[in-house]
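For reference, target.cif (mmCIF, N, CA, C and O atoms):
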data_target
#
loop_
_atom_site.label_atom_id
_atom_site.label_comp_id
_atom_site.auth_asym_id
_atom_site.auth_seq_id
_atom_site.Cartn_x
_atom_site.Cartn_y
_atom_site.Cartn_z
N MET P 12 -3.74 26.46 2.74
CA MET P 12 -3.29 27.39 1.72
C MET P 12 -2.73 26.60 0.55
O MET P 12 -1.95 25.68 0.70
N VAL P 13 -3.13 26.98 -0.65
CA VAL P 13 -2.71 26.28 -1.86
C VAL P 13 -1.54 27.02 -2.49
O VAL P 13 -1.55 28.24 -2.60
N THR P 14 -0.53 26.26 -2.88
CA THR P 14 0.60 26.83 -3.60
C THR P 14 0.14 27.24 -4.99
O THR P 14 -0.61 26.53 -5.63
N GLU P 15 0.60 28.38 -5.47
CA GLU P 15 0.20 28.85 -6.78
C GLU P 15 0.73 27.90 -7.86
O GLU P 15 1.86 27.47 -7.84
N LEU P 16 -0.15 27.60 -8.80
CA LEU P 16 0.22 26.73 -9.91
C LEU P 16 0.88 27.54 -11.01
O LEU P 16 0.44 28.64 -11.34
N VAL P 17 1.92 27.00 -11.58
CA VAL P 17 2.68 27.67 -12.63
C VAL P 17 2.48 26.89 -13.93
O VAL P 17 2.51 25.66 -13.92
N PRO P 18 2.25 27.57 -15.06
CA PRO P 18 2.10 26.85 -16.32
C PRO P 18 3.27 25.92 -16.59
O PRO P 18 4.41 26.21 -16.26
N SER P 19 2.97 24.80 -17.22
CA SER P 19 3.94 23.75 -17.45
C SER P 19 4.82 24.01 -18.67
O SER P 19 4.40 24.63 -19.63
N ALA P 20 6.03 23.48 -18.62
CA ALA P 20 6.93 23.50 -19.78
C ALA P 20 6.68 22.27 -20.64
O ALA P 20 7.21 22.17 -21.75
N GLN P 21 5.89 21.31 -20.15
CA GLN P 21 5.60 20.10 -20.90
C GLN P 21 4.56 20.40 -21.98
O GLN P 21 3.66 21.21 -21.78
N PRO P 22 4.64 19.73 -23.13
CA PRO P 22 3.69 20.01 -24.21
C PRO P 22 2.26 19.54 -23.92
O PRO P 22 1.31 20.19 -24.31
N TYR P 23 2.10 18.42 -23.24
CA TYR P 23 0.78 17.88 -22.91
C TYR P 23 0.79 17.51 -21.44
O TYR P 23 1.57 16.66 -21.02
N VAL P 24 -0.09 18.14 -20.71
CA VAL P 24 -0.11 17.89 -19.28
C VAL P 24 -1.52 18.09 -18.77
O VAL P 24 -2.30 18.87 -19.32
N SER P 25 -1.88 17.34 -17.73
CA SER P 25 -3.10 17.57 -16.97
C SER P 25 -2.65 17.98 -15.58
O SER P 25 -1.58 17.61 -15.12
N TRP P 26 -3.47 18.72 -14.91
CA TRP P 26 -3.14 19.25 -13.59
C TRP P 26 -3.80 18.38 -12.55
O TRP P 26 -4.98 18.05 -12.65
N SER P 27 -3.04 18.00 -11.52
CA SER P 27 -3.51 17.01 -10.57
C SER P 27 -3.24 17.41 -9.13
O SER P 27 -2.33 18.18 -8.85
N SER P 28 -4.04 16.82 -8.26
CA SER P 28 -3.78 16.93 -6.83
C SER P 28 -3.75 15.53 -6.26
O SER P 28 -4.43 14.63 -6.75
N ALA P 29 -2.96 15.35 -5.23
CA ALA P 29 -2.88 14.08 -4.51
C ALA P 29 -3.02 14.36 -3.03
O ALA P 29 -2.37 15.26 -2.50
N SER P 30 -3.89 13.61 -2.39
CA SER P 30 -4.11 13.75 -0.95
C SER P 30 -4.01 12.37 -0.31
O SER P 30 -4.42 11.38 -0.90
N ILE P 31 -3.46 12.35 0.90
CA ILE P 31 -3.26 11.09 1.61
C ILE P 31 -3.80 11.24 3.02
O ILE P 31 -3.58 12.26 3.67
N ALA P 32 -4.47 10.19 3.48
CA ALA P 32 -5.00 10.19 4.85
C ALA P 32 -5.05 8.76 5.36
O ALA P 32 -5.21 7.81 4.59
N VAL P 33 -4.93 8.61 6.66
CA VAL P 33 -5.11 7.31 7.31
C VAL P 33 -6.48 7.30 7.96
O VAL P 33 -6.82 8.21 8.73
N VAL P 34 -7.27 6.28 7.62
CA VAL P 34 -8.63 6.15 8.14
C VAL P 34 -8.67 4.98 9.11
O VAL P 34 -8.33 3.85 8.73
N PRO P 35 -9.06 5.22 10.36
CA PRO P 35 -9.19 4.11 11.31
C PRO P 35 -10.21 3.09 10.81
O PRO P 35 -11.23 3.45 10.19
N ALA P 36 -9.94 1.83 11.07
CA ALA P 36 -10.79 0.74 10.59
C ALA P 36 -12.26 0.94 10.97
O ALA P 36 -13.15 0.67 10.16
N GLU P 37 -12.53 1.43 12.17
CA GLU P 37 -13.92 1.58 12.60
C GLU P 37 -14.66 2.68 11.84
O GLU P 37 -15.88 2.69 11.79
N ARG P 38 -13.93 3.59 11.20
CA ARG P 38 -14.57 4.65 10.42
C ARG P 38 -14.59 4.34 8.93
O ARG P 38 -15.18 5.09 8.14
N TRP P 39 -13.95 3.26 8.52
CA TRP P 39 -13.84 2.93 7.10
C TRP P 39 -15.19 2.81 6.40
O TRP P 39 -15.36 3.37 5.31
N PRO P 40 -16.18 2.09 6.93
CA PRO P 40 -17.46 1.98 6.20
C PRO P 40 -18.10 3.35 5.91
O PRO P 40 -18.60 3.58 4.81
N LEU P 41 -18.08 4.25 6.87
CA LEU P 41 -18.63 5.59 6.68
C LEU P 41 -17.83 6.37 5.63
O LEU P 41 -18.41 6.98 4.72
N VAL P 42 -16.51 6.31 5.73
CA VAL P 42 -15.66 7.05 4.78
C VAL P 42 -15.80 6.47 3.38
O VAL P 42 -15.91 7.22 2.40
N PHE P 43 -15.85 5.15 3.25
CA PHE P 43 -15.96 4.53 1.93
C PHE P 43 -17.24 4.97 1.23
O PHE P 43 -17.22 5.36 0.06
N GLY P 44 -18.36 4.92 1.92
CA GLY P 44 -19.62 5.37 1.33
C GLY P 44 -19.59 6.84 0.95
O GLY P 44 -20.09 7.24 -0.11
N SER P 45 -18.98 7.65 1.79
CA SER P 45 -18.87 9.08 1.51
C SER P 45 -17.96 9.34 0.32
O SER P 45 -18.19 10.28 -0.46
N MET P 46 -16.92 8.52 0.16
CA MET P 46 -16.02 8.68 -0.98
C MET P 46 -16.74 8.38 -2.29
O MET P 46 -16.48 9.04 -3.31
N GLN P 47 -17.65 7.41 -2.29
CA GLN P 47 -18.41 7.11 -3.50
C GLN P 47 -19.26 8.31 -3.91
O GLN P 47 -19.31 8.68 -5.08
N ALA P 48 -19.91 8.95 -2.94
CA ALA P 48 -20.71 10.14 -3.23
C ALA P 48 -19.81 11.29 -3.68
O ALA P 48 -20.15 12.04 -4.60
N LEU P 49 -18.65 11.43 -3.03
CA LEU P 49 -17.71 12.50 -3.38
C LEU P 49 -17.24 12.37 -4.82
O LEU P 49 -17.17 13.35 -5.55
N LYS P 50 -16.94 11.15 -5.25
CA LYS P 50 -16.48 10.93 -6.63
C LYS P 50 -17.50 11.45 -7.62
O LYS P 50 -17.18 12.19 -8.54
N GLY P 51 -18.76 11.08 -7.44
CA GLY P 51 -19.81 11.55 -8.34
C GLY P 51 -19.96 13.06 -8.32
O GLY P 51 -20.16 13.69 -9.36
N HIS P 52 -19.84 13.64 -7.15
CA HIS P 52 -19.97 15.09 -7.00
C HIS P 52 -18.82 15.83 -7.67
O HIS P 52 -19.03 16.74 -8.48
N VAL P 53 -17.59 15.44 -7.36
CA VAL P 53 -16.42 16.15 -7.88
C VAL P 53 -16.31 16.04 -9.39
O VAL P 53 -15.94 17.00 -10.06
N GLN P 54 -16.67 14.91 -9.95
CA GLN P 54 -16.55 14.74 -11.40
C GLN P 54 -17.54 15.59 -12.18
O GLN P 54 -17.44 15.69 -13.39
N GLU P 55 -18.45 16.26 -11.49
CA GLU P 55 -19.36 17.20 -12.14
C GLU P 55 -18.76 18.61 -12.22
O GLU P 55 -19.30 19.47 -12.90
N TYR P 56 -17.66 18.87 -11.52
CA TYR P 56 -17.03 20.18 -11.56
C TYR P 56 -16.46 20.42 -12.96
O TYR P 56 -15.90 19.50 -13.57
N PRO P 57 -16.58 21.64 -13.47
CA PRO P 57 -16.02 21.95 -14.80
C PRO P 57 -14.51 21.66 -14.85
O PRO P 57 -13.76 22.08 -13.97
N GLY P 58 -14.10 20.91 -15.86
CA GLY P 58 -12.68 20.61 -16.06
C GLY P 58 -12.16 19.39 -15.34
O GLY P 58 -11.02 18.99 -15.56
N CYS P 59 -12.98 18.78 -14.49
CA CYS P 59 -12.50 17.59 -13.78
C CYS P 59 -12.53 16.40 -14.72
O CYS P 59 -13.56 16.04 -15.27
N GLN P 60 -11.36 15.79 -14.93
CA GLN P 60 -11.28 14.60 -15.76
C GLN P 60 -11.63 13.35 -14.95
O GLN P 60 -12.29 12.44 -15.45
N LYS P 61 -11.16 13.31 -13.70
CA LYS P 61 -11.47 12.15 -12.87
C LYS P 61 -11.02 12.35 -11.44
O LYS P 61 -10.19 13.21 -11.14
N LEU P 62 -11.60 11.56 -10.57
CA LEU P 62 -11.16 11.42 -9.18
C LEU P 62 -10.92 9.92 -9.00
O LEU P 62 -11.79 9.12 -9.32
N GLU P 63 -9.73 9.57 -8.54
CA GLU P 63 -9.39 8.17 -8.29
C GLU P 63 -8.89 8.03 -6.86
O GLU P 63 -8.26 8.94 -6.33
N ALA P 64 -9.17 6.87 -6.28
CA ALA P 64 -8.70 6.61 -4.93
C ALA P 64 -8.09 5.21 -4.87
O ALA P 64 -8.58 4.28 -5.52
N PHE P 65 -7.02 5.10 -4.09
CA PHE P 65 -6.33 3.83 -3.88
C PHE P 65 -6.19 3.64 -2.37
O PHE P 65 -6.01 4.62 -1.64
N VAL P 66 -6.26 2.42 -1.95
CA VAL P 66 -6.18 2.15 -0.51
C VAL P 66 -5.12 1.08 -0.26
O VAL P 66 -4.93 0.18 -1.08
N GLU P 67 -4.41 1.23 0.84
CA GLU P 67 -3.44 0.22 1.27
C GLU P 67 -3.62 -0.01 2.77
O GLU P 67 -3.92 0.92 3.52
N PRO P 68 -3.47 -1.26 3.19
CA PRO P 68 -3.57 -1.54 4.63
C PRO P 68 -2.46 -0.81 5.39
O PRO P 68 -1.33 -0.71 4.91
N ALA P 69 -2.81 -0.29 6.55
CA ALA P 69 -1.85 0.37 7.44
C ALA P 69 -2.09 -0.19 8.83
O ALA P 69 -2.74 0.44 9.65
N GLY P 70 -1.62 -1.42 9.04
CA GLY P 70 -1.96 -2.12 10.28
C GLY P 70 -3.45 -2.43 10.24
O GLY P 70 -3.95 -2.90 9.23
N PRO P 71 -4.18 -2.10 11.30
CA PRO P 71 -5.63 -2.35 11.27
C PRO P 71 -6.39 -1.25 10.51
O PRO P 71 -7.59 -1.38 10.27
N ASP P 72 -5.71 -0.20 10.12
CA ASP P 72 -6.34 0.95 9.48
C ASP P 72 -6.09 0.94 7.97
O ASP P 72 -5.52 -0.01 7.44
N TYR P 73 -6.51 2.01 7.31
CA TYR P 73 -6.38 2.12 5.85
C TYR P 73 -5.75 3.45 5.48
O TYR P 73 -6.19 4.50 5.94
N ARG P 74 -4.73 3.41 4.63
CA ARG P 74 -4.13 4.63 4.08
C ARG P 74 -4.73 4.82 2.69
O ARG P 74 -4.64 3.96 1.82
N ILE P 75 -5.36 5.98 2.50
CA ILE P 75 -6.03 6.29 1.24
C ILE P 75 -5.23 7.34 0.49
O ILE P 75 -4.82 8.35 1.07
N HIS P 76 -5.02 7.09 -0.79
CA HIS P 76 -4.40 8.04 -1.71
C HIS P 76 -5.51 8.47 -2.66
O HIS P 76 -6.08 7.64 -3.36
N CYS P 77 -5.83 9.75 -2.68
CA CYS P 77 -6.91 10.27 -3.51
C CYS P 77 -6.32 11.28 -4.51
O CYS P 77 -5.62 12.21 -4.12
N TYR P 78 -6.62 11.07 -5.79
CA TYR P 78 -6.08 11.91 -6.86
C TYR P 78 -7.22 12.55 -7.65
O TYR P 78 -8.22 11.88 -7.94
N THR P 79 -7.06 13.81 -8.00
CA THR P 79 -7.96 14.45 -8.95
C THR P 79 -7.12 14.92 -10.14
O THR P 79 -5.95 15.25 -9.98
N VAL P 80 -7.74 14.93 -11.32
CA VAL P 80 -7.06 15.35 -12.55
C VAL P 80 -7.94 16.38 -13.25
O VAL P 80 -9.15 16.16 -13.41
N TRP P 81 -7.31 17.49 -13.69
CA TRP P 81 -8.04 18.64 -14.22
C TRP P 81 -7.48 19.08 -15.56
O TRP P 81 -6.30 18.89 -15.85
N ASP P 82 -8.32 19.75 -16.34
CA ASP P 82 -7.92 20.27 -17.65
C ASP P 82 -6.94 21.43 -17.53
O ASP P 82 -6.00 21.54 -18.32
N THR P 83 -7.18 22.35 -16.59
CA THR P 83 -6.35 23.55 -16.48
C THR P 83 -5.91 23.79 -15.04
O THR P 83 -6.59 23.34 -14.10
N PRO P 84 -4.82 24.50 -14.84
CA PRO P 84 -4.40 24.80 -13.47
C PRO P 84 -5.40 25.71 -12.75
O PRO P 84 -5.57 25.61 -11.54
N GLU P 85 -6.09 26.56 -13.50
CA GLU P 85 -7.09 27.44 -12.88
C GLU P 85 -8.26 26.65 -12.32
O GLU P 85 -8.79 26.97 -11.25
N GLN P 86 -8.68 25.60 -13.03
CA GLN P 86 -9.78 24.77 -12.54
C GLN P 86 -9.36 24.01 -11.28
O GLN P 86 -10.14 23.91 -10.32
N LEU P 87 -8.16 23.49 -11.27
CA LEU P 87 -7.67 22.80 -10.08
C LEU P 87 -7.58 23.76 -8.91
O LEU P 87 -8.01 23.45 -7.80
N GLU P 88 -7.03 24.93 -9.15
CA GLU P 88 -6.88 25.92 -8.08
C GLU P 88 -8.24 26.32 -7.50
O GLU P 88 -8.42 26.40 -6.29
N ALA P 89 -9.23 26.54 -8.37
CA ALA P 89 -10.57 26.90 -7.90
C ALA P 89 -11.17 25.78 -7.07
O ALA P 89 -11.78 26.03 -6.01
N PHE P 90 -10.99 24.55 -7.51
CA PHE P 90 -11.50 23.40 -6.75
C PHE P 90 -10.87 23.33 -5.37
O PHE P 90 -11.55 23.17 -4.37
N LEU P 91 -9.56 23.47 -5.30
CA LEU P 91 -8.87 23.37 -4.01
C LEU P 91 -9.25 24.51 -3.07
O LEU P 91 -9.31 24.32 -1.86
N GLU P 92 -9.52 25.68 -3.61
CA GLU P 92 -9.87 26.82 -2.77
C GLU P 92 -11.33 26.79 -2.32
O GLU P 92 -11.63 27.14 -1.19
N ARG P 93 -12.26 26.35 -3.22
CA ARG P 93 -13.68 26.50 -2.92
C ARG P 93 -14.49 25.21 -3.02
O ARG P 93 -15.65 25.18 -2.62
N GLY P 94 -13.93 24.16 -3.60
CA GLY P 94 -14.70 22.94 -3.84
C GLY P 94 -14.77 22.02 -2.62
O GLY P 94 -14.12 22.24 -1.60
N TYR P 95 -15.58 20.98 -2.76
CA TYR P 95 -15.71 19.99 -1.70
C TYR P 95 -14.65 18.91 -1.92
O TYR P 95 -14.84 17.94 -2.64
N THR P 96 -13.50 19.12 -1.32
CA THR P 96 -12.33 18.26 -1.52
C THR P 96 -12.39 17.02 -0.64
O THR P 96 -13.17 16.94 0.32
N PHE P 97 -11.52 16.09 -0.93
CA PHE P 97 -11.34 14.89 -0.12
C PHE P 97 -11.04 15.27 1.33
O PHE P 97 -11.61 14.70 2.26
N GLU P 98 -10.20 16.28 1.52
CA GLU P 98 -9.83 16.71 2.87
C GLU P 98 -11.04 17.25 3.62
O GLU P 98 -11.22 16.94 4.80
N ARG P 99 -11.84 18.06 2.96
CA ARG P 99 -13.04 18.63 3.60
C ARG P 99 -14.04 17.53 3.93
O ARG P 99 -14.67 17.55 4.98
N MET P 100 -14.23 16.57 3.02
CA MET P 100 -15.16 15.47 3.27
C MET P 100 -14.72 14.66 4.47
O MET P 100 -15.52 14.34 5.34
N LEU P 101 -13.42 14.31 4.53
CA LEU P 101 -12.93 13.51 5.66
C LEU P 101 -13.17 14.22 6.99
O LEU P 101 -13.58 13.60 7.97
N ASP P 102 -12.90 15.50 7.02
CA ASP P 102 -13.11 16.27 8.25
C ASP P 102 -14.59 16.32 8.61
O ASP P 102 -14.96 16.13 9.77
N ASP P 103 -15.45 16.54 7.61
CA ASP P 103 -16.90 16.63 7.87
C ASP P 103 -17.50 15.32 8.37
O ASP P 103 -18.25 15.31 9.33
N VAL P 104 -17.20 14.22 7.70
CA VAL P 104 -17.89 12.96 8.03
C VAL P 104 -17.22 12.14 9.11
O VAL P 104 -17.89 11.36 9.79
N ALA P 105 -15.90 12.31 9.30
CA ALA P 105 -15.21 11.43 10.25
C ALA P 105 -14.24 12.17 11.18
O ALA P 105 -13.59 11.54 12.00
N GLY P 106 -14.11 13.48 11.03
CA GLY P 106 -13.18 14.22 11.88
C GLY P 106 -11.73 13.84 11.66
O GLY P 106 -10.91 13.94 12.57
N ILE P 107 -11.40 13.42 10.44
CA ILE P 107 -10.03 12.98 10.11
C ILE P 107 -9.32 14.09 9.36
O ILE P 107 -9.88 14.67 8.42
N GLN P 108 -8.09 14.36 9.74
CA GLN P 108 -7.27 15.36 9.06
C GLN P 108 -6.36 14.66 8.06
O GLN P 108 -5.56 13.82 8.44
N ALA P 109 -6.50 15.03 6.79
CA ALA P 109 -5.62 14.49 5.74
C ALA P 109 -4.40 15.38 5.62
O ALA P 109 -4.39 16.52 6.09
N GLU P 110 -3.37 14.86 4.97
CA GLU P 110 -2.22 15.70 4.62
C GLU P 110 -2.70 16.77 3.66
O GLU P 110 -3.68 16.60 2.94
N ARG P 111 -1.98 17.89 3.61
CA ARG P 111 -2.36 18.92 2.64
C ARG P 111 -2.13 18.37 1.23
O ARG P 111 -1.24 17.53 1.02
N PRO P 112 -2.91 18.83 0.26
CA PRO P 112 -2.78 18.28 -1.10
C PRO P 112 -1.41 18.57 -1.72
O PRO P 112 -0.84 19.64 -1.50
N HIS P 113 -0.94 17.62 -2.47
CA HIS P 113 0.28 17.79 -3.27
C HIS P 113 -0.18 18.14 -4.68
O HIS P 113 -1.05 17.48 -5.23
N LEU P 114 0.41 19.17 -5.27
CA LEU P 114 0.05 19.58 -6.62
C LEU P 114 1.05 19.00 -7.61
O LEU P 114 2.26 19.09 -7.39
N MET P 115 0.53 18.40 -8.67
CA MET P 115 1.38 17.69 -9.62
C MET P 115 0.92 17.91 -11.04
O MET P 115 -0.21 18.34 -11.26
N GLU P 116 1.78 17.59 -11.98
CA GLU P 116 1.43 17.54 -13.39
C GLU P 116 1.36 16.08 -13.82
O GLU P 116 2.31 15.34 -13.60
N LYS P 117 0.26 15.69 -14.42
CA LYS P 117 0.11 14.33 -14.95
C LYS P 117 0.63 14.37 -16.39
O LYS P 117 0.07 15.04 -17.24
N ILE P 118 1.72 13.66 -16.64
CA ILE P 118 2.33 13.73 -17.96
C ILE P 118 1.95 12.56 -18.86
O ILE P 118 2.10 12.64 -20.06
N PHE P 119 1.51 11.45 -18.31
CA PHE P 119 0.95 10.34 -19.10
C PHE P 119 0.30 9.35 -18.17
O PHE P 119 0.35 9.43 -17.01
#
Could you quickly redo this structure as structure tokens?
Amino acid sequence: MVTELVPSAQPYVSWSSASIAVVPAERWPLVFGSMQALKGHVQEYPGCQKLEAFVEPAGPDYRIHCYTVWDTPEQLEAFLERGYTFERMLDDVAGIQAERPHLMEKIF
């Protein structure tokens, strides 16, 4: 369930989501390839400015931080409700459950 987005009090803002998941080392090659395809797919959604991912070692595994940035809160909300998100991809290709997305405003 997605928390309702509220218009910002900031003069210039982009709407963002952040998702975090730990990927076991043995599933990393599959997830990495799928993330490359996901990036190309998601960036075709109307209003998507970008999808970025960062990785940090977590013992033998990998902690991935995935961010999307959108023009409007309505576009972000539609993506989270109906789009092919990082969380859905992880579950489909590797059976991994990510944390629920955090909704944020990108101010610069």
Just asking: which residues within chain P are alpha helix (DSSP H) according to DSSP, as a ChimeraX atom specification?
/P:39-53,84-93,97-105
I need the output of the PyMOL selection byres ((chain P and resi 69-80) around 5) for this file as an mmCIF file with N, CA, C and O atoms, keeping the file's coordinate frame; which residues are they?
data_model
loop_
_atom_site.group_PDB
_atom_site.id
_atom_site.type_symbol
_atom_site.label_atom_id
_atom_site.label_comp_id
_atom_site.auth_asym_id
_atom_site.auth_seq_id
_atom_site.Cartn_x
_atom_site.Cartn_y
_atom_site.Cartn_z
ATOM 1 N N TRP P 26 -3.470 18.720 -14.910
ATOM 2 C CA TRP P 26 -3.140 19.250 -13.590
ATOM 3 C C TRP P 26 -3.800 18.380 -12.550
ATOM 4 O O TRP P 26 -4.980 18.050 -12.650
ATOM 5 N N SER P 27 -3.040 18.000 -11.520
ATOM 6 C CA SER P 27 -3.510 17.010 -10.570
ATOM 7 C C SER P 27 -3.240 17.410 -9.130
ATOM 8 O O SER P 27 -2.330 18.180 -8.850
ATOM 9 N N SER P 28 -4.040 16.820 -8.260
ATOM 10 C CA SER P 28 -3.780 16.930 -6.830
ATOM 11 C C SER P 28 -3.750 15.530 -6.260
ATOM 12 O O SER P 28 -4.430 14.630 -6.750
ATOM 13 N N ALA P 29 -2.960 15.350 -5.230
ATOM 14 C CA ALA P 29 -2.880 14.080 -4.510
ATOM 15 C C ALA P 29 -3.020 14.360 -3.030
ATOM 16 O O ALA P 29 -2.370 15.260 -2.500
ATOM 17 N N SER P 30 -3.890 13.610 -2.390
ATOM 18 C CA SER P 30 -4.110 13.750 -0.950
ATOM 19 C C SER P 30 -4.010 12.370 -0.310
ATOM 20 O O SER P 30 -4.420 11.380 -0.900
ATOM 21 N N ILE P 31 -3.460 12.350 0.900
ATOM 22 C CA ILE P 31 -3.260 11.090 1.610
ATOM 23 C C ILE P 31 -3.800 11.240 3.020
ATOM 24 O O ILE P 31 -3.580 12.260 3.670
ATOM 25 N N ALA P 32 -4.470 10.190 3.480
ATOM 26 C CA ALA P 32 -5.000 10.190 4.850
ATOM 27 C C ALA P 32 -5.050 8.760 5.360
ATOM 28 O O ALA P 32 -5.210 7.810 4.590
ATOM 29 N N VAL P 33 -4.930 8.610 6.660
ATOM 30 C CA VAL P 33 -5.110 7.310 7.310
ATOM 31 C C VAL P 33 -6.480 7.300 7.960
ATOM 32 O O VAL P 33 -6.820 8.210 8.730
ATOM 33 N N VAL P 34 -7.270 6.280 7.620
ATOM 34 C CA VAL P 34 -8.630 6.150 8.140
ATOM 35 C C VAL P 34 -8.670 4.980 9.110
ATOM 36 O O VAL P 34 -8.330 3.850 8.730
ATOM 37 N N PRO P 35 -9.060 5.220 10.360
ATOM 38 C CA PRO P 35 -9.190 4.110 11.310
ATOM 39 C C PRO P 35 -10.210 3.090 10.810
ATOM 40 O O PRO P 35 -11.230 3.450 10.190
ATOM 41 N N ALA P 36 -9.940 1.830 11.070
ATOM 42 C CA ALA P 36 -10.790 0.740 10.590
ATOM 43 C C ALA P 36 -12.260 0.940 10.970
ATOM 44 O O ALA P 36 -13.150 0.670 10.160
ATOM 45 N N GLY P 58 -14.100 20.910 -15.860
ATOM 46 C CA GLY P 58 -12.680 20.610 -16.060
ATOM 47 C C GLY P 58 -12.160 19.390 -15.340
ATOM 48 O O GLY P 58 -11.020 18.990 -15.560
ATOM 49 N N CYS P 59 -12.980 18.780 -14.490
ATOM 50 C CA CYS P 59 -12.500 17.590 -13.780
ATOM 51 C C CYS P 59 -12.530 16.400 -14.720
ATOM 52 O O CYS P 59 -13.560 16.040 -15.270
ATOM 53 N N GLN P 60 -11.360 15.790 -14.930
ATOM 54 C CA GLN P 60 -11.280 14.600 -15.760
ATOM 55 C C GLN P 60 -11.630 13.350 -14.950
ATOM 56 O O GLN P 60 -12.290 12.440 -15.450
ATOM 57 N N LYS P 61 -11.160 13.310 -13.700
ATOM 58 C CA LYS P 61 -11.470 12.150 -12.870
ATOM 59 C C LYS P 61 -11.020 12.350 -11.440
ATOM 60 O O LYS P 61 -10.190 13.210 -11.140
ATOM 61 N N LEU P 62 -11.600 11.560 -10.570
ATOM 62 C CA LEU P 62 -11.160 11.420 -9.180
ATOM 63 C C LEU P 62 -10.920 9.920 -9.000
ATOM 64 O O LEU P 62 -11.790 9.120 -9.320
ATOM 65 N N GLU P 63 -9.730 9.570 -8.540
ATOM 66 C CA GLU P 63 -9.390 8.170 -8.290
ATOM 67 C C GLU P 63 -8.890 8.030 -6.860
ATOM 68 O O GLU P 63 -8.260 8.940 -6.330
ATOM 69 N N ALA P 64 -9.170 6.870 -6.280
ATOM 70 C CA ALA P 64 -8.700 6.610 -4.930
ATOM 71 C C ALA P 64 -8.090 5.210 -4.870
ATOM 72 O O ALA P 64 -8.580 4.280 -5.520
ATOM 73 N N PHE P 65 -7.020 5.100 -4.090
ATOM 74 C CA PHE P 65 -6.330 3.830 -3.880
ATOM 75 C C PHE P 65 -6.190 3.640 -2.370
ATOM 76 O O PHE P 65 -6.010 4.620 -1.640
ATOM 77 N N VAL P 66 -6.260 2.420 -1.950
ATOM 78 C CA VAL P 66 -6.180 2.150 -0.510
ATOM 79 C C VAL P 66 -5.120 1.080 -0.260
ATOM 80 O O VAL P 66 -4.930 0.180 -1.080
ATOM 81 N N GLU P 67 -4.410 1.230 0.840
ATOM 82 C CA GLU P 67 -3.440 0.220 1.270
ATOM 83 C C GLU P 67 -3.620 -0.010 2.770
ATOM 84 O O GLU P 67 -3.920 0.920 3.520
ATOM 85 N N PRO P 68 -3.470 -1.260 3.190
ATOM 86 C CA PRO P 68 -3.570 -1.540 4.630
ATOM 87 C C PRO P 68 -2.460 -0.810 5.390
ATOM 88 O O PRO P 68 -1.330 -0.710 4.910
ATOM 89 N N TRP P 81 -7.310 17.490 -13.690
ATOM 90 C CA TRP P 81 -8.040 18.640 -14.220
ATOM 91 C C TRP P 81 -7.480 19.080 -15.560
ATOM 92 O O TRP P 81 -6.300 18.890 -15.850
ATOM 93 N N ASP P 82 -8.320 19.750 -16.340
ATOM 94 C CA ASP P 82 -7.920 20.270 -17.650
ATOM 95 C C ASP P 82 -6.940 21.430 -17.530
ATOM 96 O O ASP P 82 -6.000 21.540 -18.320
#
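For the pair atom C of P:Phe97 and atom CA of P:Gly51, the separation is 13.6 Å.
Atom to atom, atom CA of P:Arg38 and atom CA of P:Ile107 stand 9.5 Å apart.
Taking only C-alpha atoms into account, P:Ser25 lies nearest to P:Glu85 out of the set P:Glu92, P:Asp103, P:Glu55, P:Glu85.
Picture a line from atom C of P:Ala48 to atom O of P:Ile118; it runs 27.4 Å.
The smallest atom-to-atom distance between P:Lys50 and any of P:Tyr95, P:Phe90, P:Gln108, P:Thr83, using only N, CA, C and O atoms, is found for P:Tyr95.
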Assign secondary structure with DSSP using the backbone only, and return the residues of chain P in strand (DSSP E or B) as a VMD selection string.
chain P and resid 25 to 34 59 to 69 72 to 81 113 to 117
